[in-house]
Every structure is written in C-alpha cells, then in structure tokens.
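This report refers to the structure that appears directly beneath it.
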Amino acid sequence: MSNGKFTIGDIARIVKEVATTATELNDSQKQALLHQAKRLESIPQIQGTGEALSKPFPAELRRQRKGHEGKMITYVSTVYYIDRLNEVFNHQWNFELLEHITSDTEVYCHGKLTVEINGVPVVKEAYGGSEIVYINVYDKETRKVIGRKPQMGDALKASQSDSLKKCCSLLGIGGELYREKNQGNQNQGNKTAGGNGKSYDSRTAGARQ
C-alpha cells in the first residue's frame with residue numbers, strides 16, 4: 001500500500017491471505033478466491049505499466065541517418081518497439097492496418113494499436129508514411145535501362161512500421177526520441193512544430209528502418 005491507497009497487488013495479497021487462512025470457507029470458496037487473486041496479479045498496474053512503457057531505449061539501440069535537408073535523424077528499429085510491447089503486455093496486444101493510401105511518390109497507412117491496461121482496452125491510432133523507392137529495370141540481353149519500377153512492398157512495410165511506432169509513441173514508448181527531436185528543432189529556430197519538414201523526416205526514417 002502506498003500513499004494510503006491499496007494497489008492491485010495489495011488487494012491480490014489480501015485475497016490470497018483470506019483464502020489460505022479463513023477457517024469458515026470451504027475448499028470450493030477458497031479455490032475461487034485464489035483464482036481471483038491470481039487474476040488480479042496478472043493485471044499490470046497503471047503506474048508500473050506507464051514506467052515500463054516510457055523507459056528510455058538503451059543508447060546502443062539508437063541509430064542515425066540523414067533525413068530531409070541533411071538533418072540527422074535518431075531512431076530505434078521497429079523490432080525493439082515490438083519487443084517493448086511484448087515485454088509489457090506479455091504478447092497480448094494487437095495492431096491492425098485500417099487503410100493505406102498510395103500516390104506516385106509515397107505510401108500512407110492508418111494503423112490501430114490495441115492493448116489492455118488494468119482490464120480496460122486502450123486504443124491508439126496513427127498514420128505512418130514512407131517514400132516509394134524506384135529501381136531501374138534492365139533489358140536482359142542488352143543490359144540497358146528500359147524503365148523503372150516501384151518497390152511497393154518495401155514502402156508498404158515501412159509505412160506500416162512507421163504507423164506502429166507512432167501508435168507506440170502515444171503510449172509513451174520512444175517518447176524520449178520525439179522530445180529530443182523537438183528540442184533539436186527548437187534549438188535550430190524551427191517554430192513550426194509538426195510542419196511538413198518534421199513529417200517528412202519521420203517518413204524518411206520509417207522508410208529505411
């Protein structure tokens with residue numbers, strides 16, 4: 001118990017103690033209480049969940065690459081966001097691709113992340129994007145360039161990863177990267193937070209992770 005309030009863990013311990021010590025309960029009632037105690041113990045506490053989600057990524061997982069106008073972007077690969085979700089929610093989470101929009105140069109997708117905290121479903125939605133990379137198509141005999149084709153599979157995958165990471169950021173995962181980026185923009189005199197330049201950088205990072 002902290003600050004005079006019972007946590008879920010406190011309640012689980014009390015229920016378990018009653019189940020094991022109360023002489024007026026029969027075996028069936030004791031088993032029912034133990035089952036409830038186990039269920040309570042399996043529910044992540046709000047404070048503990050929040051701390052686990054927002055825990056900064058280790059420095060060794062950070063990578064950098066050039067983004068729009070040569071600005072350096074710090075990012076963490078999508079797999080580590082997935083690892084964090086699995087760690088906190090014991091693999092009990094769901095990511096759904098709601099739609100994707102394709103232009104000649106970019107792919108956007110709308111994703112929805114669903115988790116459960118203290119028995120309550122929590123849903124976060126976000127758009128992600130990626131530039132479409134075009135590669136040359138060669139004639140098999142002459143080896144001359146006869147056209148170009150888009151790498152649509154890579155672009156779709158990257159935009160979905162970008163969407164997932166942005167949904168995760170709404171839960172606090174990787175928040176330190178966004179805060180550092182915003183601070184960097186302010187230090188450079190960028191007063192249009194959330195403008196095209198910032199969005200473009202995010203999409204470029206997602207496209208190459």
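Chain labels follow the order of the structure tokens: the first chain is A, the next B, and so on; residue numbering restarts at 1 in every chain, and ligands are counted from 1 in their shown order.
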Taking the DSSP secondary structure from the backbone, can you list the residues of region 22-188 of chain A that are strand (DSSP E or B), as an mmCIF file with N, CA and C atoms, in the first residue's frame?
data_model
loop_
_atom_site.group_PDB
_atom_site.id
_atom_site.type_symbol
_atom_site.label_atom_id
_atom_site.label_comp_id
_atom_site.auth_asym_id
_atom_site.auth_seq_id
_atom_site.Cartn_x
_atom_site.Cartn_y
_atom_site.Cartn_z
ATOM 1 N N ARG A 62 20.153 2.898 -30.479
ATOM 2 C CA ARG A 62 19.908 4.087 -31.296
ATOM 3 C C ARG A 62 20.746 4.064 -32.569
ATOM 4 N N ARG A 63 20.129 4.509 -33.630
ATOM 5 C CA ARG A 63 20.813 4.636 -34.909
ATOM 6 C C ARG A 63 20.555 6.034 -35.469
ATOM 7 N N GLN A 64 21.402 6.465 -36.399
ATOM 8 C CA GLN A 64 21.209 7.769 -37.027
ATOM 9 C C GLN A 64 21.366 7.658 -38.528
ATOM 10 N N ARG A 65 20.627 8.499 -39.232
ATOM 11 C CA ARG A 65 20.774 8.613 -40.683
ATOM 12 C C ARG A 65 20.321 9.999 -41.112
ATOM 13 N N LYS A 66 20.679 10.354 -42.317
ATOM 14 C CA LYS A 66 20.302 11.666 -42.822
ATOM 15 C C LYS A 66 18.842 11.669 -43.267
ATOM 16 N N MET A 72 20.124 15.124 -39.338
ATOM 17 C CA MET A 72 20.339 13.796 -38.798
ATOM 18 C C MET A 72 19.136 13.363 -37.964
ATOM 19 N N ILE A 73 18.696 12.137 -38.203
ATOM 20 C CA ILE A 73 17.541 11.581 -37.506
ATOM 21 C C ILE A 73 18.001 10.449 -36.604
ATOM 22 N N THR A 74 17.615 10.506 -35.342
ATOM 23 C CA THR A 74 17.891 9.424 -34.404
ATOM 24 C C THR A 74 16.656 8.540 -34.309
ATOM 25 N N TYR A 75 16.840 7.239 -34.450
ATOM 26 C CA TYR A 75 15.700 6.334 -34.426
ATOM 27 C C TYR A 75 16.089 5.010 -33.783
ATOM 28 N N VAL A 76 15.074 4.249 -33.435
ATOM 29 C CA VAL A 76 15.239 2.882 -32.935
ATOM 30 C C VAL A 76 14.411 1.977 -33.828
ATOM 31 N N ASN A 94 -2.587 -6.049 -30.082
ATOM 32 C CA ASN A 94 -2.982 -6.245 -31.476
ATOM 33 C C ASN A 94 -2.762 -4.960 -32.270
ATOM 34 N N PHE A 95 -2.192 -5.113 -33.460
ATOM 35 C CA PHE A 95 -2.033 -3.989 -34.370
ATOM 36 C C PHE A 95 -2.769 -4.299 -35.657
ATOM 37 N N GLU A 96 -3.624 -3.377 -36.073
ATOM 38 C CA GLU A 96 -4.469 -3.591 -37.251
ATOM 39 C C GLU A 96 -4.252 -2.474 -38.266
ATOM 40 N N LEU A 97 -4.050 -2.842 -39.512
ATOM 41 C CA LEU A 97 -3.934 -1.866 -40.593
ATOM 42 C C LEU A 97 -5.334 -1.545 -41.109
ATOM 43 N N LEU A 98 -5.780 -0.322 -40.895
ATOM 44 C CA LEU A 98 -7.141 0.061 -41.261
ATOM 45 C C LEU A 98 -7.258 0.451 -42.730
ATOM 46 N N GLU A 99 -6.265 1.137 -43.252
ATOM 47 C CA GLU A 99 -6.300 1.550 -44.663
ATOM 48 C C GLU A 99 -4.911 1.988 -45.094
ATOM 49 N N HIS A 100 -4.709 2.014 -46.400
ATOM 50 C CA HIS A 100 -3.485 2.616 -46.916
ATOM 51 C C HIS A 100 -3.806 3.417 -48.173
ATOM 52 N N ILE A 101 -3.045 4.484 -48.356
ATOM 53 C CA ILE A 101 -3.246 5.404 -49.468
ATOM 54 C C ILE A 101 -1.928 5.483 -50.224
ATOM 55 N N THR A 102 -2.010 5.348 -51.538
ATOM 56 C CA THR A 102 -0.801 5.330 -52.360
ATOM 57 C C THR A 102 -0.826 6.443 -53.400
ATOM 58 N N GLU A 106 4.612 8.311 -52.616
ATOM 59 C CA GLU A 106 4.565 7.940 -51.208
ATOM 60 C C GLU A 106 3.420 6.974 -50.914
ATOM 61 N N VAL A 107 3.554 6.295 -49.789
ATOM 62 C CA VAL A 107 2.501 5.415 -49.275
ATOM 63 C C VAL A 107 2.195 5.841 -47.845
ATOM 64 N N TYR A 108 0.912 5.970 -47.544
ATOM 65 C CA TYR A 108 0.479 6.285 -46.188
ATOM 66 C C TYR A 108 -0.415 5.156 -45.693
ATOM 67 N N CYS A 109 -0.349 4.868 -44.412
ATOM 68 C CA CYS A 109 -1.260 3.880 -43.855
ATOM 69 C C CYS A 109 -1.801 4.363 -42.517
ATOM 70 N N HIS A 110 -2.998 3.886 -42.196
ATOM 71 C CA HIS A 110 -3.685 4.230 -40.950
ATOM 72 C C HIS A 110 -3.749 2.965 -40.113
ATOM 73 N N GLY A 111 -3.061 2.970 -38.974
ATOM 74 C CA GLY A 111 -2.990 1.789 -38.131
ATOM 75 C C GLY A 111 -3.638 1.999 -36.778
ATOM 76 N N LYS A 112 -4.048 0.897 -36.148
ATOM 77 C CA LYS A 112 -4.680 0.936 -34.827
ATOM 78 C C LYS A 112 -4.017 -0.087 -33.914
ATOM 79 N N LEU A 113 -3.506 0.385 -32.785
ATOM 80 C CA LEU A 113 -2.876 -0.469 -31.783
ATOM 81 C C LEU A 113 -3.817 -0.605 -30.594
ATOM 82 N N THR A 114 -4.076 -1.850 -30.174
ATOM 83 C CA THR A 114 -4.967 -2.113 -29.044
ATOM 84 C C THR A 114 -4.225 -2.906 -27.975
ATOM 85 N N VAL A 115 -4.242 -2.392 -26.753
ATOM 86 C CA VAL A 115 -3.660 -3.088 -25.609
ATOM 87 C C VAL A 115 -4.700 -3.091 -24.486
ATOM 88 N N GLU A 116 -4.369 -3.737 -23.384
ATOM 89 C CA GLU A 116 -5.269 -3.752 -22.234
ATOM 90 C C GLU A 116 -4.487 -3.388 -20.982
ATOM 91 N N ILE A 117 -4.964 -2.367 -20.277
ATOM 92 C CA ILE A 117 -4.317 -1.913 -19.047
ATOM 93 C C ILE A 117 -5.348 -1.934 -17.929
ATOM 94 N N VAL A 120 -8.850 -2.715 -18.934
ATOM 95 C CA VAL A 120 -9.560 -1.761 -19.791
ATOM 96 C C VAL A 120 -8.851 -1.675 -21.146
ATOM 97 N N PRO A 121 -9.564 -1.890 -22.263
ATOM 98 C CA PRO A 121 -8.943 -1.763 -23.583
ATOM 99 C C PRO A 121 -8.472 -0.327 -23.828
ATOM 100 N N VAL A 122 -7.268 -0.181 -24.340
ATOM 101 C CA VAL A 122 -6.708 1.121 -24.687
ATOM 102 C C VAL A 122 -6.355 1.081 -26.172
ATOM 103 N N VAL A 123 -6.897 2.023 -26.947
ATOM 104 C CA VAL A 123 -6.715 2.035 -28.396
ATOM 105 C C VAL A 123 -5.993 3.311 -28.806
ATOM 106 N N LYS A 124 -4.963 3.171 -29.629
ATOM 107 C CA LYS A 124 -4.234 4.308 -30.182
ATOM 108 C C LYS A 124 -4.166 4.160 -31.696
ATOM 109 N N GLU A 125 -4.456 5.237 -32.412
ATOM 110 C CA GLU A 125 -4.420 5.225 -33.875
ATOM 111 C C GLU A 125 -3.462 6.292 -34.376
ATOM 112 N N ALA A 126 -2.788 5.994 -35.496
ATOM 113 C CA ALA A 126 -1.852 6.958 -36.065
ATOM 114 C C ALA A 126 -1.596 6.620 -37.533
ATOM 115 N N TYR A 127 -1.262 7.647 -38.301
ATOM 116 C CA TYR A 127 -0.859 7.455 -39.692
ATOM 117 C C TYR A 127 0.655 7.311 -39.764
ATOM 118 N N GLY A 128 1.096 6.503 -40.695
ATOM 119 C CA GLY A 128 2.514 6.367 -40.985
ATOM 120 C C GLY A 128 2.735 6.522 -42.470
ATOM 121 N N GLY A 129 3.948 6.863 -42.851
ATOM 122 C CA GLY A 129 4.201 7.071 -44.271
ATOM 123 C C GLY A 129 5.608 6.669 -44.672
ATOM 124 N N SER A 130 5.781 6.480 -45.957
ATOM 125 C CA SER A 130 7.091 6.126 -46.494
ATOM 126 C C SER A 130 7.177 6.569 -47.950
ATOM 127 N N GLU A 131 8.347 7.024 -48.338
ATOM 128 C CA GLU A 131 8.598 7.325 -49.745
ATOM 129 C C GLU A 131 8.709 6.027 -50.537
ATOM 130 N N TYR A 134 12.137 3.855 -56.368
ATOM 131 C CA TYR A 134 12.073 3.278 -57.712
ATOM 132 C C TYR A 134 13.443 2.721 -58.100
ATOM 133 N N ILE A 135 13.440 1.562 -58.729
ATOM 134 C CA ILE A 135 14.690 0.965 -59.194
ATOM 135 C C ILE A 135 14.647 0.793 -60.705
ATOM 136 N N ASN A 136 15.817 0.746 -61.300
ATOM 137 C CA ASN A 136 15.903 0.592 -62.753
ATOM 138 C C ASN A 136 15.543 -0.830 -63.180
ATOM 139 N N VAL A 137 14.908 -0.922 -64.347
ATOM 140 C CA VAL A 137 14.612 -2.210 -64.966
ATOM 141 C C VAL A 137 15.492 -2.338 -66.210
ATOM 142 N N TYR A 138 16.228 -3.448 -66.302
ATOM 143 C CA TYR A 138 17.188 -3.621 -67.386
ATOM 144 C C TYR A 138 16.700 -4.658 -68.398
ATOM 145 N N VAL A 145 18.942 0.182 -69.514
ATOM 146 C CA VAL A 145 17.780 0.544 -68.710
ATOM 147 C C VAL A 145 16.587 0.767 -69.631
ATOM 148 N N ILE A 146 15.519 0.031 -69.389
ATOM 149 C CA ILE A 146 14.319 0.162 -70.222
ATOM 150 C C ILE A 146 13.127 0.708 -69.427
ATOM 151 N N GLY A 147 13.339 1.000 -68.175
ATOM 152 C CA GLY A 147 12.246 1.546 -67.374
ATOM 153 C C GLY A 147 12.593 1.559 -65.896
ATOM 154 N N ARG A 148 11.597 1.918 -65.098
ATOM 155 C CA ARG A 148 11.767 1.942 -63.653
ATOM 156 C C ARG A 148 10.525 1.352 -62.993
ATOM 157 N N LYS A 149 10.706 0.690 -61.884
ATOM 158 C CA LYS A 149 9.557 0.115 -61.185
ATOM 159 C C LYS A 149 9.628 0.444 -59.690
ATOM 160 N N PRO A 150 8.474 0.624 -59.069
ATOM 161 C CA PRO A 150 8.447 0.978 -57.647
ATOM 162 C C PRO A 150 8.620 -0.240 -56.753
#
Need to verify the contact set: Glu176 (chain A), 9 Å, only C-alpha atoms, exclusion of same-chain residues closer than 2 positions in sequence. Can you return it as a PyMOL selection string? chain A and resi 54-57+172-174+178-181
Put those residues in a file: C-alpha atoms, as a PDB file, in the first residue's frame.
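Written file, result_30.pdb:
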ATOM      1  CA  SER A  54       8.169   5.048 -21.146  1.00  0.00           C
ATOM      2  CA  LYS A  55      11.514   3.554 -20.090  1.00  0.00           C
ATOM      3  CA  PRO A  56      14.098   5.063 -22.488  1.00  0.00           C
ATOM      4  CA  PHE A  57      15.630   2.771 -25.060  1.00  0.00           C
ATOM      5  CA  GLY A 172       4.941   6.575 -24.207  1.00  0.00           C
ATOM      6  CA  ILE A 173       7.271   4.156 -25.990  1.00  0.00           C
ATOM      7  CA  GLY A 174      10.197   6.002 -27.549  1.00  0.00           C
ATOM      8  CA  TYR A 178      10.414  12.654 -30.096  1.00  0.00           C
ATOM      9  CA  ARG A 179      11.217  15.041 -27.236  1.00  0.00           C
ATOM     10  CA  GLU A 180      14.874  15.221 -28.247  1.00  0.00           C
ATOM     11  CA  LYS A 181      13.880  15.836 -31.856  1.00  0.00           C
TER      12      LYS A 181
END
Hey, can you check how far CA of Ala37 (chain A) sits from CA of Val18 (chain A)?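 Pair CA of Ala37 (chain A) / CA of Val18 (chain A) returns 10.1 Å.
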For CA of Ile11 (chain A) and CA of Glu87 (chain A), the interatomic separation in Å (one decimal):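 Going from CA of Ile11 (chain A) over to CA of Glu87 (chain A), I get 23.7 Å.
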DSSP helix (DSSP H, G or I) selection over region 90-180 of chain A, as a PyMOL selection string: chain A and resi 152-171+175-180
For the selection just defined, write its residues with N, CA and C atoms to a file, as a compact mmCIF listing (two decimals), in the first residue's frame.
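The resulting again06.txt:
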# COMPACT_ATOMS: atom_id res chain seq x y z
N MET A 152 7.05 -1.35 -54.10
CA MET A 152 5.83 -1.14 -53.34
C MET A 152 5.81 -1.94 -52.04
N GLY A 153 6.31 -3.17 -52.10
CA GLY A 153 6.30 -4.00 -50.89
C GLY A 153 7.09 -3.36 -49.76
N ASP A 154 8.27 -2.86 -50.09
CA ASP A 154 9.10 -2.22 -49.07
C ASP A 154 8.43 -0.96 -48.53
N ALA A 155 7.80 -0.18 -49.41
CA ALA A 155 7.15 1.06 -48.99
C ALA A 155 5.96 0.78 -48.08
N LEU A 156 5.17 -0.24 -48.43
CA LEU A 156 4.01 -0.61 -47.59
C LEU A 156 4.47 -1.08 -46.21
N LYS A 157 5.51 -1.90 -46.20
CA LYS A 157 6.03 -2.40 -44.92
C LYS A 157 6.56 -1.26 -44.07
N ALA A 158 7.29 -0.33 -44.70
CA ALA A 158 7.88 0.78 -43.95
C ALA A 158 6.80 1.72 -43.42
N SER A 159 5.74 1.97 -44.21
CA SER A 159 4.68 2.87 -43.74
C SER A 159 3.92 2.23 -42.59
N GLN A 160 3.74 0.91 -42.63
CA GLN A 160 3.07 0.21 -41.54
C GLN A 160 3.92 0.26 -40.27
N SER A 161 5.22 0.07 -40.43
CA SER A 161 6.13 0.15 -39.28
C SER A 161 6.10 1.55 -38.68
N ASP A 162 6.06 2.57 -39.55
CA ASP A 162 6.02 3.94 -39.09
C ASP A 162 4.74 4.21 -38.30
N SER A 163 3.62 3.67 -38.78
CA SER A 163 2.35 3.82 -38.09
C SER A 163 2.39 3.15 -36.72
N LEU A 164 2.93 1.92 -36.67
CA LEU A 164 3.03 1.20 -35.40
C LEU A 164 3.87 1.99 -34.40
N LYS A 165 5.00 2.52 -34.84
CA LYS A 165 5.88 3.25 -33.94
C LYS A 165 5.21 4.52 -33.42
N LYS A 166 4.43 5.17 -34.28
CA LYS A 166 3.73 6.37 -33.84
C LYS A 166 2.62 6.02 -32.85
N CYS A 167 1.94 4.89 -33.07
CA CYS A 167 0.95 4.43 -32.08
C CYS A 167 1.63 4.15 -30.75
N CYS A 168 2.79 3.50 -30.82
CA CYS A 168 3.54 3.20 -29.60
C CYS A 168 3.95 4.48 -28.88
N SER A 169 4.30 5.51 -29.64
CA SER A 169 4.71 6.77 -29.01
C SER A 169 3.56 7.39 -28.23
N LEU A 170 2.32 7.14 -28.65
CA LEU A 170 1.15 7.65 -27.92
C LEU A 170 0.97 6.94 -26.59
N LEU A 171 1.59 5.76 -26.44
CA LEU A 171 1.60 5.05 -25.16
C LEU A 171 2.83 5.41 -24.32
N GLY A 175 9.23 7.89 -26.40
CA GLY A 175 8.92 9.31 -26.24
C GLY A 175 10.14 10.19 -26.15
N GLU A 176 11.23 9.64 -25.61
CA GLU A 176 12.44 10.44 -25.47
C GLU A 176 13.01 10.85 -26.83
N LEU A 177 12.80 10.03 -27.85
CA LEU A 177 13.30 10.35 -29.19
C LEU A 177 12.55 11.53 -29.78
N TYR A 178 11.22 11.55 -29.58
CA TYR A 178 10.41 12.65 -30.10
C TYR A 178 10.73 13.94 -29.34
N ARG A 179 10.92 13.84 -28.02
CA ARG A 179 11.22 15.04 -27.24
C ARG A 179 12.57 15.62 -27.63
N GLU A 180 13.55 14.75 -27.84
CA GLU A 180 14.87 15.22 -28.25
C GLU A 180 14.82 15.86 -29.63
Quick check, in Å to one decimal: how far apart do CA of His35 (chain A) and CA of Thr23 (chain A) lie? 17.9 Å
